[in-house]
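Data from input-v3.cif: mmCIF, N, CA, C and O atoms
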data_protein
loop_
_atom_site.label_atom_id
_atom_site.label_comp_id
_atom_site.auth_asym_id
_atom_site.auth_seq_id
_atom_site.Cartn_x
_atom_site.Cartn_y
_atom_site.Cartn_z
N MET A 8 156.56 83.72 102.37
CA MET A 8 156.29 85.11 102.19
C MET A 8 156.94 85.91 103.30
O MET A 8 157.06 85.43 104.43
N LYS A 9 157.33 87.08 102.97
CA LYS A 9 157.83 88.03 103.95
C LYS A 9 156.90 89.23 103.92
O LYS A 9 156.65 89.81 102.85
N ILE A 10 156.36 89.58 105.08
CA ILE A 10 155.42 90.70 105.18
C ILE A 10 155.98 91.72 106.15
O ILE A 10 156.38 91.37 107.26
N SER A 11 156.04 92.97 105.71
CA SER A 11 156.51 94.04 106.59
C SER A 11 155.61 95.25 106.43
O SER A 11 154.97 95.45 105.39
N LYS A 12 155.58 96.05 107.48
CA LYS A 12 154.73 97.24 107.47
C LYS A 12 155.46 98.36 106.74
O LYS A 12 156.58 98.72 107.09
N GLU A 13 154.82 98.90 105.72
CA GLU A 13 155.40 99.98 104.92
C GLU A 13 155.10 101.34 105.56
O GLU A 13 155.96 102.19 105.66
N ASP A 14 153.85 101.53 105.98
CA ASP A 14 153.41 102.73 106.68
C ASP A 14 152.17 102.38 107.49
O ASP A 14 151.88 101.19 107.68
N ASP A 15 151.40 103.36 107.93
CA ASP A 15 150.25 103.09 108.80
C ASP A 15 149.16 102.26 108.14
O ASP A 15 148.37 101.63 108.83
N VAL A 16 149.08 102.26 106.82
CA VAL A 16 148.00 101.53 106.14
C VAL A 16 148.48 100.53 105.09
O VAL A 16 147.69 99.76 104.57
N THR A 17 149.76 100.53 104.78
CA THR A 17 150.29 99.71 103.68
C THR A 17 151.29 98.68 104.18
O THR A 17 152.14 98.97 105.01
N TYR A 18 151.18 97.46 103.62
CA TYR A 18 152.13 96.40 103.90
C TYR A 18 152.92 96.10 102.63
O TYR A 18 152.39 96.18 101.52
N ALA A 19 154.18 95.75 102.79
CA ALA A 19 155.00 95.26 101.69
C ALA A 19 155.04 93.74 101.81
O ALA A 19 155.35 93.20 102.87
N VAL A 20 154.67 93.06 100.73
CA VAL A 20 154.63 91.59 100.72
C VAL A 20 155.58 91.10 99.65
O VAL A 20 155.52 91.54 98.50
N GLU A 21 156.46 90.19 100.04
CA GLU A 21 157.40 89.59 99.10
C GLU A 21 157.20 88.08 99.11
O GLU A 21 157.24 87.44 100.17
N VAL A 22 157.00 87.51 97.94
CA VAL A 22 156.85 86.06 97.79
C VAL A 22 158.25 85.48 97.68
O VAL A 22 158.97 85.75 96.72
N LEU A 23 158.65 84.69 98.67
CA LEU A 23 160.00 84.13 98.71
C LEU A 23 160.10 82.76 98.03
O LEU A 23 161.16 82.38 97.55
N SER A 24 158.99 82.04 98.01
CA SER A 24 158.97 80.71 97.42
C SER A 24 157.66 80.54 96.66
O SER A 24 156.60 80.84 97.19
N GLN A 25 157.78 80.08 95.41
CA GLN A 25 156.60 79.93 94.56
C GLN A 25 156.31 78.46 94.33
O GLN A 25 157.21 77.71 93.97
N GLY A 26 155.06 78.07 94.53
CA GLY A 26 154.65 76.71 94.27
C GLY A 26 154.23 76.55 92.81
O GLY A 26 154.27 77.49 92.02
N GLU A 27 153.83 75.32 92.45
CA GLU A 27 153.43 75.01 91.08
C GLU A 27 152.28 75.87 90.59
O GLU A 27 152.20 76.22 89.41
N SER A 28 151.37 76.21 91.48
CA SER A 28 150.17 76.92 91.06
C SER A 28 150.34 78.45 91.08
O SER A 28 149.39 79.17 90.79
N TYR A 29 151.53 78.92 91.37
CA TYR A 29 151.78 80.37 91.38
C TYR A 29 151.78 80.86 89.94
O TYR A 29 152.64 80.49 89.15
N MET A 30 150.82 81.71 89.59
CA MET A 30 150.64 82.09 88.19
C MET A 30 150.82 83.59 87.95
O MET A 30 150.41 84.11 86.93
N VAL A 31 151.45 84.28 88.88
CA VAL A 31 151.60 85.73 88.77
C VAL A 31 153.06 86.04 88.47
O VAL A 31 153.96 85.39 88.99
N ASP A 32 153.29 87.04 87.63
CA ASP A 32 154.67 87.44 87.32
C ASP A 32 155.32 88.16 88.49
O ASP A 32 156.52 88.03 88.71
N ASP A 33 154.55 88.94 89.22
CA ASP A 33 155.09 89.73 90.32
C ASP A 33 155.42 88.86 91.54
O ASP A 33 154.75 87.86 91.79
N THR A 34 156.44 89.28 92.27
CA THR A 34 156.76 88.63 93.54
C THR A 34 156.78 89.64 94.69
O THR A 34 156.95 89.26 95.84
N GLU A 35 156.61 90.92 94.36
CA GLU A 35 156.57 91.96 95.39
C GLU A 35 155.29 92.77 95.21
O GLU A 35 154.93 93.15 94.09
N PHE A 36 154.62 93.01 96.34
CA PHE A 36 153.31 93.66 96.31
C PHE A 36 153.20 94.71 97.40
O PHE A 36 153.84 94.61 98.44
N PHE A 37 152.36 95.70 97.15
CA PHE A 37 151.86 96.57 98.21
C PHE A 37 150.47 96.04 98.54
O PHE A 37 149.69 95.72 97.63
N SER A 38 150.16 95.93 99.82
CA SER A 38 148.89 95.35 100.24
C SER A 38 148.24 96.19 101.32
O SER A 38 148.93 96.87 102.10
N TRP A 39 146.92 96.12 101.35
CA TRP A 39 146.12 96.84 102.33
C TRP A 39 145.09 95.88 102.88
O TRP A 39 144.62 94.99 102.16
N THR A 40 144.72 96.03 104.13
CA THR A 40 143.68 95.19 104.72
C THR A 40 142.48 96.05 105.11
O THR A 40 142.61 97.25 105.37
N THR A 41 141.32 95.40 105.12
CA THR A 41 140.11 96.08 105.55
C THR A 41 139.14 95.05 106.11
O THR A 41 139.23 93.86 105.77
N LYS A 42 138.25 95.50 106.95
CA LYS A 42 137.19 94.65 107.49
C LYS A 42 135.87 95.15 106.93
O LYS A 42 135.64 96.36 106.82
N LEU A 43 135.00 94.19 106.59
CA LEU A 43 133.69 94.53 106.04
C LEU A 43 132.74 93.37 106.29
O LEU A 43 133.08 92.21 105.98
N ASP A 44 131.58 93.66 106.84
CA ASP A 44 130.53 92.66 107.04
C ASP A 44 131.03 91.41 107.77
O ASP A 44 130.68 90.28 107.41
N GLY A 45 131.89 91.59 108.76
CA GLY A 45 132.38 90.46 109.55
C GLY A 45 133.51 89.67 108.92
O GLY A 45 133.90 88.62 109.42
N HIS A 46 134.04 90.14 107.81
CA HIS A 46 135.14 89.47 107.11
C HIS A 46 136.35 90.41 107.09
O HIS A 46 136.21 91.62 107.12
N THR A 47 137.54 89.81 106.97
CA THR A 47 138.77 90.58 106.81
C THR A 47 139.34 90.26 105.44
O THR A 47 139.41 89.10 105.03
N PHE A 48 139.77 91.31 104.73
CA PHE A 48 140.26 91.17 103.37
C PHE A 48 141.66 91.75 103.23
O PHE A 48 142.01 92.70 103.91
N ILE A 49 142.42 91.16 102.31
CA ILE A 49 143.70 91.74 101.91
C ILE A 49 143.62 92.01 100.41
O ILE A 49 143.16 91.17 99.63
N PHE A 50 144.03 93.20 100.05
CA PHE A 50 143.95 93.70 98.68
C PHE A 50 145.37 94.06 98.28
O PHE A 50 146.03 94.83 98.98
N SER A 51 145.87 93.47 97.19
CA SER A 51 147.29 93.64 96.83
C SER A 51 147.45 94.06 95.38
O SER A 51 146.66 93.70 94.51
N GLN A 52 148.55 94.80 95.12
CA GLN A 52 148.93 95.19 93.77
C GLN A 52 150.44 95.01 93.64
O GLN A 52 151.20 95.40 94.54
N GLY A 53 150.88 94.44 92.53
CA GLY A 53 152.30 94.27 92.29
C GLY A 53 153.02 95.60 92.24
O GLY A 53 152.51 96.56 91.67
N THR A 54 154.20 95.67 92.82
CA THR A 54 154.94 96.93 92.88
C THR A 54 155.57 97.29 91.54
O THR A 54 155.73 98.47 91.24
N ASP A 55 155.93 96.30 90.74
CA ASP A 55 156.60 96.57 89.47
C ASP A 55 155.74 96.19 88.27
O ASP A 55 156.22 96.20 87.15
N SER A 56 154.51 95.84 88.52
CA SER A 56 153.64 95.36 87.46
C SER A 56 153.32 96.46 86.46
O SER A 56 152.97 97.57 86.84
N GLU A 57 153.43 96.14 85.18
CA GLU A 57 153.01 97.09 84.15
C GLU A 57 151.50 97.03 83.98
O GLU A 57 150.89 97.98 83.51
N SER A 58 150.90 95.91 84.34
CA SER A 58 149.44 95.84 84.33
C SER A 58 148.94 96.37 85.67
O SER A 58 149.67 96.45 86.64
N ASN A 59 147.72 96.77 85.72
CA ASN A 59 147.14 97.25 86.97
C ASN A 59 146.33 96.16 87.64
O ASN A 59 145.23 96.40 88.11
N ASP A 60 146.87 94.94 87.66
CA ASP A 60 146.17 93.82 88.28
C ASP A 60 146.17 93.96 89.79
O ASP A 60 147.18 94.33 90.40
N TYR A 61 145.02 93.69 90.36
CA TYR A 61 144.86 93.67 91.81
C TYR A 61 144.43 92.28 92.21
O TYR A 61 143.79 91.56 91.44
N PHE A 62 144.74 91.90 93.44
CA PHE A 62 144.38 90.59 93.96
C PHE A 62 143.66 90.80 95.27
O PHE A 62 144.11 91.57 96.13
N LEU A 63 142.53 90.12 95.43
CA LEU A 63 141.70 90.29 96.61
C LEU A 63 141.42 88.93 97.22
O LEU A 63 140.97 88.01 96.52
N TYR A 64 141.69 88.81 98.52
CA TYR A 64 141.43 87.57 99.24
C TYR A 64 140.77 87.89 100.57
O TYR A 64 141.04 88.92 101.19
N GLU A 65 139.92 86.97 101.01
CA GLU A 65 139.35 87.03 102.36
C GLU A 65 140.23 86.13 103.21
O GLU A 65 140.67 85.07 102.75
N TYR A 66 140.53 86.55 104.45
CA TYR A 66 141.34 85.69 105.31
C TYR A 66 140.81 85.71 106.73
O TYR A 66 140.16 86.66 107.16
N ALA A 67 141.11 84.61 107.43
CA ALA A 67 140.70 84.48 108.83
C ALA A 67 141.66 83.53 109.52
O ALA A 67 142.30 82.68 108.87
N PHE A 68 141.78 83.68 110.81
CA PHE A 68 142.57 82.76 111.62
C PHE A 68 141.61 81.85 112.36
O PHE A 68 140.67 82.32 113.00
N GLU A 69 141.82 80.55 112.25
CA GLU A 69 141.03 79.54 112.95
C GLU A 69 141.99 78.69 113.77
O GLU A 69 142.60 77.77 113.24
N GLY A 70 142.18 79.06 115.03
CA GLY A 70 143.18 78.37 115.85
C GLY A 70 144.55 78.62 115.27
O GLY A 70 144.98 79.76 115.09
N LYS A 71 145.27 77.53 114.94
CA LYS A 71 146.61 77.66 114.35
C LYS A 71 146.57 77.73 112.83
O LYS A 71 147.60 77.72 112.18
N LYS A 72 145.37 77.79 112.26
CA LYS A 72 145.23 77.81 110.80
C LYS A 72 144.98 79.23 110.29
O LYS A 72 144.24 80.00 110.88
N LEU A 73 145.63 79.54 109.18
CA LEU A 73 145.31 80.72 108.40
C LEU A 73 144.48 80.22 107.23
O LEU A 73 144.92 79.34 106.48
N VAL A 74 143.27 80.75 107.08
CA VAL A 74 142.37 80.33 106.01
C VAL A 74 142.24 81.49 105.03
O VAL A 74 141.93 82.61 105.42
N ILE A 75 142.48 81.20 103.75
CA ILE A 75 142.41 82.21 102.69
C ILE A 75 141.40 81.74 101.64
O ILE A 75 141.39 80.55 101.29
N GLN A 76 140.58 82.67 101.15
CA GLN A 76 139.63 82.34 100.10
C GLN A 76 139.66 83.41 99.01
O GLN A 76 139.85 84.59 99.28
N ASP A 77 139.47 82.97 97.77
CA ASP A 77 139.33 83.90 96.65
C ASP A 77 138.02 84.66 96.82
O ASP A 77 137.05 84.14 97.38
N VAL A 78 137.99 85.88 96.31
CA VAL A 78 136.79 86.73 96.38
C VAL A 78 136.38 87.09 94.96
O VAL A 78 137.21 87.55 94.17
N SER A 79 135.11 86.90 94.65
CA SER A 79 134.57 87.30 93.35
C SER A 79 133.59 88.45 93.55
O SER A 79 132.77 88.42 94.46
N LEU A 80 133.70 89.44 92.69
CA LEU A 80 132.75 90.56 92.70
C LEU A 80 131.63 90.17 91.74
O LEU A 80 131.82 90.16 90.52
N LEU A 81 130.46 89.83 92.28
CA LEU A 81 129.42 89.16 91.52
C LEU A 81 128.22 90.02 91.13
O LEU A 81 127.33 89.54 90.44
N VAL A 82 128.15 91.24 91.56
CA VAL A 82 126.98 92.06 91.26
C VAL A 82 127.27 92.95 90.05
O VAL A 82 126.70 92.78 88.99
N GLY A 83 128.19 93.88 90.20
CA GLY A 83 128.56 94.76 89.08
C GLY A 83 129.94 94.47 88.55
O GLY A 83 130.37 95.05 87.56
N GLY A 84 130.69 93.60 89.26
CA GLY A 84 132.05 93.27 88.84
C GLY A 84 132.99 94.45 88.99
O GLY A 84 132.66 95.46 89.61
N MET A 85 134.16 94.33 88.39
CA MET A 85 135.16 95.40 88.47
C MET A 85 134.68 96.69 87.81
O MET A 85 135.11 97.78 88.18
N ASP A 86 133.77 96.59 86.86
CA ASP A 86 133.25 97.79 86.21
C ASP A 86 132.52 98.70 87.20
O ASP A 86 132.43 99.91 86.98
N ALA A 87 132.00 98.10 88.27
CA ALA A 87 131.26 98.88 89.27
C ALA A 87 132.20 99.59 90.25
O ALA A 87 131.77 100.44 91.02
N VAL A 88 133.47 99.24 90.22
CA VAL A 88 134.43 99.80 91.17
C VAL A 88 135.03 101.07 90.58
O VAL A 88 135.92 101.04 89.74
N THR A 89 134.49 102.20 91.04
CA THR A 89 134.95 103.50 90.56
C THR A 89 135.56 104.34 91.68
O THR A 89 136.10 105.41 91.44
N SER A 90 135.46 103.84 92.92
CA SER A 90 135.99 104.55 94.08
C SER A 90 136.09 103.55 95.23
O SER A 90 135.60 102.42 95.12
N THR A 91 136.70 103.96 96.31
CA THR A 91 136.79 103.10 97.49
C THR A 91 135.40 102.76 98.00
O THR A 91 135.10 101.60 98.33
N GLU A 92 134.53 103.75 98.05
CA GLU A 92 133.16 103.53 98.53
C GLU A 92 132.41 102.56 97.61
O GLU A 92 131.72 101.65 98.08
N ALA A 93 132.56 102.71 96.31
CA ALA A 93 131.91 101.81 95.35
C ALA A 93 132.47 100.39 95.49
O ALA A 93 131.72 99.41 95.38
N PHE A 94 133.76 100.28 95.73
CA PHE A 94 134.38 98.96 95.94
C PHE A 94 133.77 98.28 97.16
O PHE A 94 133.39 97.12 97.10
N ARG A 95 133.65 99.01 98.26
CA ARG A 95 133.09 98.43 99.48
C ARG A 95 131.63 98.04 99.28
O ARG A 95 131.19 97.00 99.76
N GLU A 96 130.87 98.84 98.54
CA GLU A 96 129.47 98.51 98.25
C GLU A 96 129.37 97.25 97.39
O GLU A 96 128.55 96.38 97.64
N GLU A 97 130.23 97.15 96.38
CA GLU A 97 130.24 95.97 95.50
C GLU A 97 130.64 94.73 96.29
O GLU A 97 130.03 93.67 96.15
N LEU A 98 131.64 94.85 97.12
CA LEU A 98 132.09 93.73 97.92
C LEU A 98 131.00 93.28 98.89
O LEU A 98 130.71 92.09 99.02
N SER A 99 130.36 94.22 99.56
CA SER A 99 129.29 93.89 100.51
C SER A 99 128.13 93.19 99.80
O SER A 99 127.60 92.19 100.29
N ALA A 100 127.74 93.69 98.64
CA ALA A 100 126.65 93.05 97.88
C ALA A 100 127.05 91.66 97.40
O ALA A 100 126.25 90.72 97.44
N SER A 101 128.29 91.50 96.98
CA SER A 101 128.77 90.21 96.49
C SER A 101 128.82 89.17 97.61
O SER A 101 128.58 87.98 97.37
N LEU A 102 129.14 89.60 98.83
CA LEU A 102 129.21 88.66 99.96
C LEU A 102 127.86 88.01 100.24
O LEU A 102 127.81 86.94 100.85
N LYS A 103 126.79 88.59 99.77
CA LYS A 103 125.46 88.02 99.98
C LYS A 103 125.17 86.90 98.98
O LYS A 103 124.19 86.18 99.11
N LYS A 104 126.03 86.73 97.99
CA LYS A 104 125.88 85.67 96.98
C LYS A 104 126.66 84.44 97.44
O LYS A 104 127.75 84.55 98.00
N PRO A 105 126.12 83.24 97.18
CA PRO A 105 126.78 82.02 97.69
C PRO A 105 128.16 81.73 97.10
O PRO A 105 128.97 81.07 97.73
N ASP A 106 128.46 82.21 95.91
CA ASP A 106 129.74 81.89 95.27
C ASP A 106 130.77 83.00 95.39
O ASP A 106 131.76 83.00 94.66
N CYS A 107 130.57 83.93 96.30
CA CYS A 107 131.52 85.04 96.44
C CYS A 107 132.87 84.56 96.96
O CYS A 107 133.91 84.94 96.45
N LEU A 108 132.87 83.71 97.98
CA LEU A 108 134.12 83.20 98.55
C LEU A 108 134.32 81.76 98.10
O LEU A 108 133.47 80.90 98.32
N THR A 109 135.44 81.50 97.44
CA THR A 109 135.72 80.17 96.90
C THR A 109 137.19 79.81 97.09
O THR A 109 137.99 80.62 97.51
N SER A 110 137.51 78.58 96.71
CA SER A 110 138.89 78.08 96.71
C SER A 110 139.57 78.22 98.07
O SER A 110 140.66 78.78 98.19
N ARG A 111 138.92 77.69 99.09
CA ARG A 111 139.43 77.77 100.45
C ARG A 111 140.78 77.05 100.57
O ARG A 111 140.90 75.88 100.20
N LEU A 112 141.77 77.77 101.08
CA LEU A 112 143.09 77.18 101.35
C LEU A 112 143.39 77.35 102.84
O LEU A 112 143.13 78.41 103.40
N GLU A 113 143.94 76.31 103.44
CA GLU A 113 144.28 76.35 104.86
C GLU A 113 145.78 76.15 105.02
O GLU A 113 146.37 75.26 104.43
N TYR A 114 146.38 77.03 105.82
CA TYR A 114 147.79 76.92 106.15
C TYR A 114 147.88 76.72 107.65
O TYR A 114 147.28 77.46 108.41
N VAL A 115 148.65 75.71 108.07
CA VAL A 115 148.75 75.36 109.49
C VAL A 115 150.15 75.66 109.99
O VAL A 115 151.14 75.23 109.39
N LYS A 116 150.22 76.41 111.08
CA LYS A 116 151.51 76.72 111.69
C LYS A 116 152.05 75.46 112.35
O LYS A 116 151.36 74.80 113.11
N GLN A 117 153.28 75.13 112.05
CA GLN A 117 153.92 73.94 112.61
C GLN A 117 154.44 74.17 114.00
O GLN A 117 154.86 75.21 114.35
#
Is it possible to give me this structure as structure tokens?
Amino acid sequence: MKISKEDDVTYAVEVLSQGESYMVDDTEFFSWTTKLDGHTFIFSQGTDSESNDYFLYEYAFEGKKLVIQDVSLLVGGMDAVTSTEAFREELSASLKKPDCLTSRLEYVKQ
């Protein structure tokens, strides 16, 4: 991946190499990060996507490891997301559920 700063709040993310499990048509994204309830999240949308699909992951650095986890909105789901404030409320409520963060992936810097 290539990540560059687009402006004060937006990152441009380009997927340079796709593995077998890469299931998205887009390879270029606009992404934003936020912190909430002790977690850091990255929220991305394809730049050329005709669908309005968004991707949300929780990430953390553990020593030389980058740890990424899928995030599920488990209380009201995407239907509850009508604004930035509603999104943050839904995410905070979902984090209290045991299955909110799943599919832990670890990347180790060589």
I'd like the residues picked by the PyMOL selection byres ((chain A and resi 78-80) around 5) written out as a PyMOL selection string, using the chain letters and numbers from the file.
chain A and resi 63-64+76-77+81-82+84+101+107-108
Check which residues satisfy the PyMOL selection byres ((chain A and resi 11) around 8) in the file shown, then give them as a PyMOL selection string.
chain A and resi 8-10+12-14+17-21+36-38
List every residue of region 50-100 of chain A that DSSP, applied to the backbone, labels as strand (DSSP E or B), and write the result as JSON, numbers by chain.
{"A": [50, 51, 52, 53, 61, 62, 63, 64, 65, 66, 67, 68, 69, 72, 73, 74, 75, 76, 77, 78]}
Please list as a ChimeraX atom specification every residue within 8 Å of His46 (chain A), counting all atoms listed in the file and excluding residues in the same chain fewer than 6 positions away.
/A:40,64-67
Could those selected residues go to a file with N, CA, C and O atoms, as a PDB file, in the frame of the given file?
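See selection_29.pdb below for the written result:
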ATOM      1  N   THR A  40     144.720  96.030 104.130  1.00  0.00           N
ATOM      2  CA  THR A  40     143.680  95.190 104.720  1.00  0.00           C
ATOM      3  C   THR A  40     142.480  96.050 105.110  1.00  0.00           C
ATOM      4  O   THR A  40     142.610  97.250 105.370  1.00  0.00           O
ATOM      5  N   TYR A  64     141.690  88.810  98.520  1.00  0.00           N
ATOM      6  CA  TYR A  64     141.430  87.570  99.240  1.00  0.00           C
ATOM      7  C   TYR A  64     140.770  87.890 100.570  1.00  0.00           C
ATOM      8  O   TYR A  64     141.040  88.920 101.190  1.00  0.00           O
ATOM      9  N   GLU A  65     139.920  86.970 101.010  1.00  0.00           N
ATOM     10  CA  GLU A  65     139.350  87.030 102.360  1.00  0.00           C
ATOM     11  C   GLU A  65     140.230  86.130 103.210  1.00  0.00           C
ATOM     12  O   GLU A  65     140.670  85.070 102.750  1.00  0.00           O
ATOM     13  N   TYR A  66     140.530  86.550 104.450  1.00  0.00           N
ATOM     14  CA  TYR A  66     141.340  85.690 105.310  1.00  0.00           C
ATOM     15  C   TYR A  66     140.810  85.710 106.730  1.00  0.00           C
ATOM     16  O   TYR A  66     140.160  86.660 107.160  1.00  0.00           O
ATOM     17  N   ALA A  67     141.110  84.610 107.430  1.00  0.00           N
ATOM     18  CA  ALA A  67     140.700  84.480 108.830  1.00  0.00           C
ATOM     19  C   ALA A  67     141.660  83.530 109.520  1.00  0.00           C
ATOM     20  O   ALA A  67     142.300  82.680 108.870  1.00  0.00           O
TER      21      ALA A  67
END
Distance in Å - atom C of Val16 (chain A) versus CA of Trp39 (chain A):
5.2 Å
Could you work out how far CA of Lys103 (chain A) lies from atom C of Ser51 (chain A), giving the answer in Å with one decimal?
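Spanning atom C of Ser51 (chain A) to CA of Lys103 (chain A) is a straight-line distance of 23.3 Å.
Atom C of Asp106 (chain A) to CA of Glu69 (chain A) spans 20.6 Å [interatomic distance, one decimal].
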For Thr34 (chain A), which of A:Gly53, A:Phe48, A:Thr89, A:Ala100 is the closest residue, counting only C-alpha atoms?
A:Gly53
